[in-house]
>>> print(open('run-v7.csv').read())   # CSV, C-alpha atoms
chain,number,residue,atom,x,y,z
A,168,SER,CA,14.9,-23.2,9.9
A,169,GLY,CA,12.2,-25.0,8.0
A,170,LEU,CA,9.7,-22.1,8.5
A,171,SER,CA,9.3,-20.9,5.0
A,172,ASN,CA,5.8,-22.2,4.5
A,173,GLN,CA,4.6,-20.8,7.8
A,174,ILE,CA,5.5,-17.2,6.9
A,175,ASP,CA,3.3,-15.0,4.8
A,176,ARG,CA,4.6,-11.5,5.6
A,177,VAL,CA,7.9,-9.9,6.5
A,178,VAL,CA,8.3,-6.4,8.0
A,179,PHE,CA,11.7,-4.6,7.9
A,180,SER,CA,12.8,-2.1,10.5
A,181,MET,CA,14.0,1.5,9.8
A,182,ASP,CA,17.7,0.5,10.0
A,183,ILE,CA,17.6,-1.8,6.9
A,184,PRO,CA,18.7,-0.2,3.6
A,185,TYR,CA,15.7,0.4,1.4
A,186,ARG,CA,17.4,0.2,-2.0
A,187,VAL,CA,19.2,-2.9,-3.2
A,188,TYR,CA,21.2,-4.0,-6.2
A,189,GLN,CA,23.2,-6.9,-7.5
A,190,PRO,CA,27.0,-6.5,-8.1
A,191,LEU,CA,28.6,-5.2,-10.2
A,192,PHE,CA,26.6,-2.0,-9.6
A,193,THR,CA,26.4,0.4,-12.5
A,194,ASN,CA,24.1,3.1,-13.8
A,195,ASN,CA,21.7,3.1,-10.8
A,196,TRP,CA,20.2,-0.3,-11.5
A,197,HIS,CA,18.4,-0.2,-8.2
A,198,ALA,CA,15.4,-2.1,-7.0
A,199,GLY,CA,13.2,-1.5,-3.9
A,200,LEU,CA,13.9,-3.7,-0.9
A,201,THR,CA,10.3,-4.6,-0.2
A,202,ALA,CA,9.6,-5.4,-3.8
A,203,THR,CA,12.7,-7.6,-4.0
A,204,PHE,CA,11.8,-9.5,-1.0
A,205,TYR,CA,8.3,-9.9,-2.2
A,206,TYR,CA,9.0,-11.6,-5.5
A,207,GLY,CA,12.7,-11.5,-6.4
A,208,PHE,CA,15.3,-9.1,-7.8
A,209,TYR,CA,14.6,-7.2,-11.0
A,210,SER,CA,16.3,-4.2,-12.3
A,211,SER,CA,16.2,-2.1,-15.5
A,212,PRO,CA,18.7,0.5,-16.8
A,213,ASP,CA,18.5,3.9,-15.4
A,214,ALA,CA,16.1,6.0,-17.5
A,215,PHE,CA,18.5,8.9,-17.6
A,216,ILE,CA,21.0,6.8,-19.6
A,217,PHE,CA,19.2,4.1,-21.5
A,218,GLY,CA,15.6,5.2,-21.7
A,219,CYS,CA,12.6,3.7,-20.0
A,220,ASP,CA,11.6,0.1,-20.0
A,221,LEU,CA,10.1,-2.7,-18.0
A,222,ALA,CA,12.3,-5.4,-16.6
A,223,PRO,CA,11.4,-8.8,-18.3
A,224,GLY,CA,9.5,-11.1,-16.0
A,225,SER,CA,8.7,-8.4,-13.4
A,226,GLU,CA,4.9,-8.7,-13.7
A,227,ASN,CA,3.2,-9.3,-10.3
A,228,ASP,CA,1.0,-12.4,-10.4
A,229,TYR,CA,-1.0,-11.2,-7.4
A,230,PHE,CA,-2.0,-8.0,-9.3
A,231,GLU,CA,-5.8,-7.7,-9.4
A,232,SER,CA,-6.1,-11.2,-8.0
A,233,GLU,CA,-9.1,-10.4,-5.8
A,234,ARG,CA,-8.1,-12.9,-3.1
A,235,GLU,CA,-6.6,-13.2,0.3
A,236,PHE,CA,-2.8,-13.3,0.2
A,237,GLY,CA,-1.0,-16.5,1.4
A,238,HIS,CA,2.5,-17.6,0.6
A,239,ILE,CA,1.6,-21.3,0.1
A,240,THR,CA,-1.5,-20.5,-1.9
A,241,ASP,CA,-0.1,-18.0,-4.5
A,242,HIS,CA,0.3,-19.1,-8.1
A,243,SER,CA,4.0,-18.3,-8.4
A,244,SER,CA,5.7,-21.4,-7.3
A,245,ASN,CA,5.4,-20.3,-3.6
A,246,ARG,CA,7.9,-17.5,-4.0
A,247,TYR,CA,5.9,-14.5,-2.8
A,248,TYR,CA,6.3,-13.0,0.7
A,249,MET,CA,4.4,-9.8,1.3
A,250,ALA,CA,6.9,-7.2,2.6
A,251,SER,CA,6.8,-3.7,4.0
A,252,MET,CA,9.1,-1.4,5.9
A,253,LEU,CA,8.0,0.3,9.2
A,254,THR,CA,9.9,3.5,9.3
A,255,ALA,CA,9.5,7.3,9.5
A,256,SER,CA,11.7,10.4,9.9
A,257,ASN,CA,12.0,9.6,13.6
A,258,LEU,CA,11.0,6.9,16.1
A,259,VAL,CA,8.0,8.9,17.4
A,260,PHE,CA,6.3,9.0,14.0
A,261,ALA,CA,7.2,5.3,13.4
A,262,LYS,CA,5.5,4.3,16.6
A,263,ARG,CA,2.5,6.5,15.9
A,264,LEU,CA,2.2,4.7,12.5
A,265,VAL,CA,1.8,1.4,14.2
A,266,ASP,CA,-0.5,2.7,17.0
A,267,ARG,CA,-2.9,4.4,14.5
A,268,SER,CA,-2.9,1.3,12.3
A,269,VAL,CA,-4.0,-0.9,15.2
A,270,TRP,CA,-6.7,1.6,16.2
A,271,ALA,CA,-8.1,1.5,12.7
A,272,ASP,CA,-8.8,-2.2,12.4
A,273,PHE,CA,-12.5,-3.1,11.9
A,274,THR,CA,-13.7,0.5,12.6
A,275,ARG,CA,-15.3,1.0,9.2
A,276,PRO,CA,-15.4,4.8,9.6
A,277,PRO,CA,-17.3,7.1,7.2
A,278,SER,CA,-14.5,8.4,5.0
A,279,VAL,CA,-13.4,9.8,1.7
A,280,ALA,CA,-10.7,8.9,-0.7
A,281,PHE,CA,-9.5,11.8,-2.9
A,282,LEU,CA,-8.7,11.1,-6.5
A,283,ILE,CA,-6.8,14.2,-7.5
A,284,ARG,CA,-6.0,15.3,-11.0
A,285,SER,CA,-3.3,17.9,-10.8
A,286,SER,CA,-2.1,20.3,-13.4
A,287,ASP,CA,1.2,18.4,-13.9
A,288,PRO,CA,0.9,16.7,-17.3
A,289,ASN,CA,3.7,14.3,-16.6
A,290,ARG,CA,2.5,13.1,-13.3
A,291,ASN,CA,-1.3,13.2,-13.3
A,292,ILE,CA,-1.7,10.4,-15.9
A,293,GLN,CA,-3.6,8.1,-13.4
A,294,TRP,CA,-6.7,10.3,-13.8
A,295,LYS,CA,-7.8,8.1,-16.7
A,296,GLU,CA,-8.5,5.3,-14.1
A,297,PHE,CA,-10.6,7.5,-11.8
A,298,GLU,CA,-13.9,6.9,-13.5
A,299,ASN,CA,-13.4,3.1,-13.1
A,300,VAL,CA,-12.9,3.5,-9.4
A,301,LEU,CA,-15.9,5.6,-8.9
A,302,THR,CA,-18.0,3.1,-10.8
A,303,LEU,CA,-16.7,0.1,-8.9
A,304,ASN,CA,-17.4,1.8,-5.5
A,305,ARG,CA,-21.1,2.0,-6.3
A,306,PHE,CA,-21.4,-1.8,-6.0
A,307,ILE,CA,-19.8,-2.3,-2.6
A,308,ASP,CA,-21.3,-1.9,0.9
A,309,THR,CA,-18.8,0.4,2.5
A,310,PRO,CA,-19.1,3.8,4.3
A,311,GLN,CA,-16.3,5.2,2.1
A,312,THR,CA,-16.8,7.5,-0.9
A,313,GLN,CA,-14.3,8.6,-3.6
A,314,LYS,CA,-14.1,12.1,-4.8
A,315,TRP,CA,-12.6,13.1,-8.1
A,316,ILE,CA,-11.2,16.7,-7.9
A,317,GLU,CA,-9.0,18.8,-10.1
A,318,ALA,CA,-6.6,20.7,-7.9
A,319,ASP,CA,-3.0,21.2,-6.9
A,320,PHE,CA,-3.8,22.0,-3.3
A,321,VAL,CA,-6.2,20.3,-0.9
A,322,ILE,CA,-6.7,21.9,2.5
A,323,ALA,CA,-9.2,21.8,5.4
A,324,GLN,CA,-10.5,18.4,4.4
A,325,THR,CA,-11.6,15.9,7.1
A,326,MET,CA,-12.3,12.1,7.3
A,327,ILE,CA,-9.6,11.3,4.7
A,328,MET,CA,-8.9,7.6,4.2
A,329,GLY,CA,-7.0,7.9,0.9
A,330,VAL,CA,-5.3,10.1,-1.6
A,331,THR,CA,-4.1,9.3,-5.2
A,332,VAL,CA,-2.3,12.3,-6.9
A,333,GLY,CA,0.4,13.0,-9.3
A,334,TRP,CA,2.7,15.9,-8.4
A,335,ARG,CA,6.3,16.6,-7.4
A,336,THR,CA,5.6,17.9,-3.9
A,337,HIS,CA,2.6,18.5,-1.6
A,338,PRO,CA,3.1,21.2,1.1
A,339,TRP,CA,-0.7,21.0,1.8
A,340,VAL,CA,-0.4,17.5,3.3
A,341,PRO,CA,-0.4,18.6,7.0
A,342,PHE,CA,-3.4,20.9,6.6
A,343,ASN,CA,-6.0,18.2,6.5
A,344,THR,CA,-7.5,15.7,9.0
A,345,VAL,CA,-6.5,12.1,8.3
A,346,LEU,CA,-8.2,9.0,9.7
A,347,PRO,CA,-6.2,6.1,11.3
A,348,GLY,CA,-5.5,3.6,8.6
A,349,ALA,CA,-5.3,6.1,5.7
A,350,PHE,CA,-3.1,5.4,2.6
A,351,ALA,CA,-1.7,8.0,0.2
A,352,SER,CA,0.6,8.0,-2.8
A,353,HIS,CA,1.9,10.6,-5.2
A,354,LEU,CA,3.2,9.6,-8.6
A,355,THR,CA,6.6,11.1,-9.0
A,356,SER,CA,10.0,9.6,-9.8
A,357,PHE,CA,11.7,9.8,-6.4
A,358,GLY,CA,9.0,9.5,-3.8
A,359,GLY,CA,10.7,6.4,-2.6
A,360,PHE,CA,13.9,8.2,-1.7
A,361,LEU,CA,13.4,8.0,2.1
A,362,PHE,CA,16.4,9.6,3.8
A,363,ASP,CA,18.6,11.0,1.1
A,364,GLN,CA,18.6,13.6,-1.7
A,365,LYS,CA,15.3,13.6,-3.5
A,366,PHE,CA,15.8,16.1,-6.4
A,367,GLY,CA,13.2,18.5,-5.1
A,368,GLN,CA,10.5,15.8,-4.8
A,369,MET,CA,8.5,14.9,-1.7
A,370,SER,CA,9.4,11.7,0.1
A,371,ILE,CA,6.6,9.2,0.9
A,372,LEU,CA,7.6,9.7,4.5
A,373,ASP,CA,5.9,13.0,4.5
A,374,TRP,CA,2.6,11.2,4.2
A,375,ILE,CA,3.6,9.0,7.2
A,376,GLN,CA,4.5,12.1,9.3
A,377,ALA,CA,1.0,13.5,8.5
A,378,GLY,CA,-0.6,10.4,10.0
A,379,TYR,CA,-1.1,8.0,7.1
A,380,ALA,CA,-0.7,4.3,7.7
A,381,GLY,CA,1.1,3.6,4.5
A,382,SER,CA,2.5,5.0,1.2
A,383,TYR,CA,4.5,3.7,-1.8
A,384,GLY,CA,7.1,5.3,-4.1
A,385,THR,CA,10.0,4.3,-6.4
A,386,VAL,CA,13.7,4.3,-5.6
A,387,VAL,CA,15.1,4.8,-9.1
A,388,GLU,CA,13.8,6.7,-12.1
A,389,PRO,CA,10.7,4.8,-13.3
A,390,CYS,CA,9.4,7.2,-15.9
A,391,ASN,CA,5.6,7.7,-15.7
A,392,TYR,CA,4.7,4.1,-16.2
A,393,THR,CA,1.4,3.7,-14.4
A,394,ASN,CA,2.0,0.0,-13.8
A,395,LYS,CA,5.0,0.8,-11.6
A,396,PHE,CA,2.8,2.8,-9.2
A,397,THR,CA,-0.2,2.2,-7.1
A,398,SER,CA,-3.4,2.0,-9.2
A,399,PRO,CA,-6.3,4.1,-7.9
A,400,ARG,CA,-8.2,0.9,-7.7
A,401,PHE,CA,-6.3,0.4,-4.4
A,402,HIS,CA,-9.1,2.4,-2.7
A,403,TYR,CA,-11.7,0.0,-4.1
A,404,TRP,CA,-10.0,-3.1,-2.6
A,405,TYR,CA,-9.2,-1.4,0.7
A,406,GLY,CA,-12.8,-0.2,1.1
A,407,ARG,CA,-14.0,-3.8,0.5
A,408,GLY,CA,-12.0,-5.0,3.6
A,409,PHE,CA,-8.7,-6.3,2.2
A,410,SER,CA,-5.7,-5.4,4.3
A,411,LEU,CA,-3.4,-2.5,3.4
A,412,GLY,CA,-0.8,-4.9,2.2
A,413,GLU,CA,-3.2,-7.0,0.1
A,414,SER,CA,-4.7,-3.8,-1.4
A,415,LEU,CA,-1.2,-2.4,-2.2
A,416,TYR,CA,0.2,-5.5,-3.9
A,417,MET,CA,-3.0,-6.1,-5.9
A,418,ALA,CA,-2.7,-2.5,-7.1
A,419,VAL,CA,0.9,-2.5,-8.5
A,420,GLN,CA,1.5,-4.5,-11.6
A,421,ASN,CA,5.3,-4.1,-11.8
A,422,PRO,CA,6.5,-3.2,-8.3
A,423,TYR,CA,10.2,-4.0,-8.6
A,424,GLN,CA,11.4,-0.4,-8.4
A,425,GLY,CA,9.2,0.4,-5.4
A,426,ILE,CA,9.4,0.7,-1.6
A,427,PHE,CA,6.3,0.1,0.5
A,428,VAL,CA,6.3,1.9,3.9
A,429,GLY,CA,3.4,1.0,6.2
A,430,ASP,CA,1.5,-1.4,8.3
A,431,LEU,CA,0.5,-4.1,5.8
A,432,LEU,CA,-1.9,-5.8,8.3
A,433,CYS,CA,-4.0,-2.7,8.8
A,434,GLU,CA,-7.6,-3.3,7.7
A,435,PRO,CA,-10.2,-0.7,8.7
A,436,TYR,CA,-13.0,-2.0,6.5
A,437,ALA,CA,-12.6,-5.7,7.2
A,438,ARG,CA,-15.6,-7.4,8.9
A,439,PRO,CA,-14.2,-10.2,11.1
A,440,PRO,CA,-16.3,-13.1,12.2
A,441,GLN,CA,-17.7,-13.2,15.7
A,442,VAL,CA,-16.1,-15.8,18.0
A,443,ALA,CA,-17.5,-17.0,21.3
A,444,TRP,CA,-17.4,-19.8,23.8
A,445,ILE,CA,-20.7,-21.2,25.0
A,446,GLY,CA,-21.1,-21.4,28.8
A,447,LEU,CA,-18.1,-19.3,29.7
A,448,THR,CA,-18.0,-15.8,31.2
A,449,ASN,CA,-15.2,-13.6,32.2
A,450,ARG,CA,-13.1,-14.9,35.1
A,451,THR,CA,-14.7,-18.3,35.0
A,452,VAL,CA,-12.6,-20.7,37.0
A,453,LEU,CA,-12.0,-24.1,35.5
A,454,SER,CA,-10.4,-27.2,36.9
A,455,GLY,CA,-9.9,-30.8,35.8
A,456,ALA,CA,-11.3,-31.9,32.4
A,457,THR,CA,-13.8,-29.5,30.9
A,458,ILE,CA,-15.7,-29.6,27.6
A,459,ILE,CA,-16.2,-26.2,26.0
A,460,THR,CA,-17.9,-25.4,22.7
A,461,GLY,CA,-16.8,-22.7,20.3
A,462,VAL,CA,-19.1,-20.8,18.0
A,463,VAL,CA,-17.8,-18.8,15.0
A,464,GLU,CA,-20.3,-16.7,13.1
A,465,ALA,CA,-19.3,-15.3,9.7
A,466,ALA,CA,-19.7,-11.6,9.0
A,467,SER,CA,-22.0,-12.4,6.1
A,468,GLY,CA,-22.7,-15.0,3.4
A,469,ASP,CA,-20.2,-13.2,1.2
A,470,HIS,CA,-17.5,-13.3,4.0
A,471,PRO,CA,-17.2,-16.9,5.1
A,472,VAL,CA,-14.8,-18.1,7.8
A,473,ALA,CA,-11.6,-19.4,6.3
A,474,SER,CA,-10.3,-21.5,9.2
>>> encode(input="run-v7.csv", output="structure tokens")
Amino acid sequence: SGLSNQIDRVVFSMDIPYRVYQPLFTNNWHAGLTATFYYGFYSSPDAFIFGCDLAPGSENDYFESEREFGHITDHSSNRYYMASMLTASNLVFAKRLVDRSVWADFTRPPSVAFLIRSSDPNRNIQWKEFENVLTLNRFIDTPQTQKWIEADFVIAQTMIMGVTVGWRTHPWVPFNTVLPGAFASHLTSFGGFLFDQKFGQMSILDWIQAGYAGSYGTVVEPCNYTNKFTSPRFHYWYGRGFSLGESLYMAVQNPYQGIFVGDLLCEPYARPPQVAWIGLTNRTVLSGATIITGVVEAASGDHPVAS
């Protein structure tokens, strides 16, 4: 249709399969739907059979790019389309995901992102990045704080905007107060199994049901390669005002085995410009030829108006 350069983002509905493969299919060579649409199909042998590896060429060029996403401005021969899936265990939760994401935009609420080091030695390996996130957060103007805690259960917490944790399952998730726009991820092999058997591991849809705006998990055995999961630095970019989608794709270095569920346009900490028309008030009646003047004021010198 000639629209490819007008599209930056694509959202899939809950009825689209979330795992994909190329024929002939053998040995669980799956890839995640959203990752495949984002930058092409990559697969690696199932870890149960051939051992862990990284698919050649699966590095994400947008990783840590520190810039607004745009299809025609990316440095990968214009092949990237930011993709997510809007889904949940039922339609009520899926609609609530969208509503809460819209409410969150530009609200800049005081909040906390929990960086949790669990007692699981195979899944808590991202804790080595926590200190870097805490240091970075000291240099940005945002009402969000990050807390490094060592626990397997977190209950009775409020004002949550983010969670990074490594653990198989989290029965404590419903027992906290989550802000609209929050993101959470847990490093485990089959968190990206949305609607089928999960080998005793929690689905990322449990975060969605608890009120989070997004989560990310893998759809085939990834082993505990940190570059296949969401880096804790996600919270740094999200707190600076990048959108949920931009923060997510900047935080996953090799996303090919992953599925991203959430509202990729949600941006609670963005500071949009102020736009006004001089000489017009609500319900002004115009007729004939009229000259109007628009005024756009940037949020700050560090946040210029793009267009």
>>> closest_residue(input="run-v7.csv", among="A:His402, A:Arg335, A:Arg246, A:Arg267", to="Ser286 in chain A", atoms="all atoms listed in the file")
A:Arg335
>>> residues_around(input="run-v7.csv", residues="Ile459 in chain A", least_positions_apart="2", cutoff="10 Å", atoms="all atoms listed in the file", output="short mmCIF file (atom, residue, chain, number, x, y, z; two decimals) with C-alpha atoms, keeping the file's coordinate frame")
data_model
loop_
_atom_site.label_atom_id
_atom_site.label_comp_id
_atom_site.auth_asym_id
_atom_site.auth_seq_id
_atom_site.Cartn_x
_atom_site.Cartn_y
_atom_site.Cartn_z
CA TRP A 444 -17.40 -19.80 23.80
CA ILE A 445 -20.70 -21.20 25.00
CA GLY A 446 -21.10 -21.40 28.80
CA LEU A 447 -18.10 -19.30 29.70
CA ALA A 456 -11.30 -31.90 32.40
CA THR A 457 -13.80 -29.50 30.90
CA GLY A 461 -16.80 -22.70 20.30
#
>>> closest_residue(input="run-v7.csv", among="A:Tyr416, A:Arg407, A:Asp469, A:Pro347", to="Ser268 in chain A", atoms="all atoms listed in the file")
A:Pro347
>>> residues_around(input="run-v7.csv", residues="Gly412 in chain A", least_positions_apart="6", cutoff="10 Å", atoms="only C-alpha atoms", output="number ranges by chain")
A: 176, 236, 249-251, 381, 405, 418, 427-434
>>> write_last_selection(input="run-v7.csv", atoms="C-alpha atoms", output="compact mmCIF listing (two decimals), in the frame of the given file")
# COMPACT_ATOMS: atom_id res chain seq x y z
CA ARG A 176 4.60 -11.50 5.60
CA PHE A 236 -2.80 -13.30 0.20
CA MET A 249 4.40 -9.80 1.30
CA ALA A 250 6.90 -7.20 2.60
CA SER A 251 6.80 -3.70 4.00
CA GLY A 381 1.10 3.60 4.50
CA TYR A 405 -9.20 -1.40 0.70
CA ALA A 418 -2.70 -2.50 -7.10
CA PHE A 427 6.30 0.10 0.50
CA VAL A 428 6.30 1.90 3.90
CA GLY A 429 3.40 1.00 6.20
CA ASP A 430 1.50 -1.40 8.30
CA LEU A 431 0.50 -4.10 5.80
CA LEU A 432 -1.90 -5.80 8.30
CA CYS A 433 -4.00 -2.70 8.80
CA GLU A 434 -7.60 -3.30 7.70
>>> atom_distance(input="run-v7.csv", atom1="CA of Asp228 in chain A", atom2="CA of Tyr209 in chain A")
14.6 Å
>>> closest_residue(input="run-v7.csv", among="A:Thr344, A:Thr203, A:Thr385, A:Asn391", to="Phe360 in chain A", atoms="only C-alpha atoms")
A:Thr385
>>> residues_around(input="run-v7.csv", residues="range 316-329 of chain A", least_positions_apart="4", cutoff="9 Å", atoms="only C-alpha atoms", output="compact mmCIF listing (two decimals) with C-alpha atoms, in the frame of the given file")
# COMPACT_ATOMS: atom_id res chain seq x y z
CA PRO A 276 -15.40 4.80 9.60
CA PRO A 277 -17.30 7.10 7.20
CA SER A 278 -14.50 8.40 5.00
CA VAL A 279 -13.40 9.80 1.70
CA ALA A 280 -10.70 8.90 -0.70
CA PHE A 281 -9.50 11.80 -2.90
CA LEU A 282 -8.70 11.10 -6.50
CA ILE A 283 -6.80 14.20 -7.50
CA ARG A 284 -6.00 15.30 -11.00
CA SER A 285 -3.30 17.90 -10.80
CA SER A 286 -2.10 20.30 -13.40
CA ASP A 287 1.20 18.40 -13.90
CA GLN A 311 -16.30 5.20 2.10
CA TRP A 334 2.70 15.90 -8.40
CA HIS A 337 2.60 18.50 -1.60
CA PRO A 338 3.10 21.20 1.10
CA TRP A 339 -0.70 21.00 1.80
CA VAL A 340 -0.40 17.50 3.30
CA PRO A 341 -0.40 18.60 7.00
CA PHE A 342 -3.40 20.90 6.60
CA ASN A 343 -6.00 18.20 6.50
CA THR A 344 -7.50 15.70 9.00
CA VAL A 345 -6.50 12.10 8.30
CA LEU A 346 -8.20 9.00 9.70
CA PRO A 347 -6.20 6.10 11.30
CA GLY A 348 -5.50 3.60 8.60
CA ALA A 349 -5.30 6.10 5.70
CA PHE A 350 -3.10 5.40 2.60
CA ALA A 351 -1.70 8.00 0.20
CA SER A 352 0.60 8.00 -2.80
CA TYR A 379 -1.10 8.00 7.10
CA HIS A 402 -9.10 2.40 -2.70
>>> residues_around(input="run-v7.csv", residues="Pro422 in chain A", least_positions_apart="3", cutoff="12 Å", atoms="all atoms listed in the file", output="VMD selection string")
chain A and resid 198 to 210 221 to 222 224 to 230 249 to 250 359 383 to 387 389 392 to 398 415 to 419 425 to 427
>>> closest_residue(input="run-v7.csv", among="A:His238, A:Trp196, A:Trp270, A:Pro399", to="Asn291 in chain A", atoms="all atoms listed in the file")
A:Pro399
>>> closest_residue(input="run-v7.csv", among="A:Thr274, A:Gln424, A:Phe409, A:Ile307", to="His197 in chain A", atoms="all atoms listed in the file")
A:Gln424
>>> atom_distance(input="run-v7.csv", atom1="CA of Ala473 in chain A", atom2="CA of Phe306 in chain A")
23.6 Å
>>> atom_distance(input="run-v7.csv", atom1="CA of Pro190 in chain A", atom2="CA of Tyr423 in chain A")
17.0 Å
>>> residues_around(input="run-v7.csv", residues="Ile174 in chain A", least_positions_apart="6", cutoff="9 Å", atoms="only C-alpha atoms", output="list in words")
Gly237, His238, Ile239 and Tyr248 of chain A
>>> closest_residue(input="run-v7.csv", among="A:Trp315, A:Ser414, A:Val177, A:Arg290", to="Thr302 in chain A", atoms="only C-alpha atoms")
A:Trp315
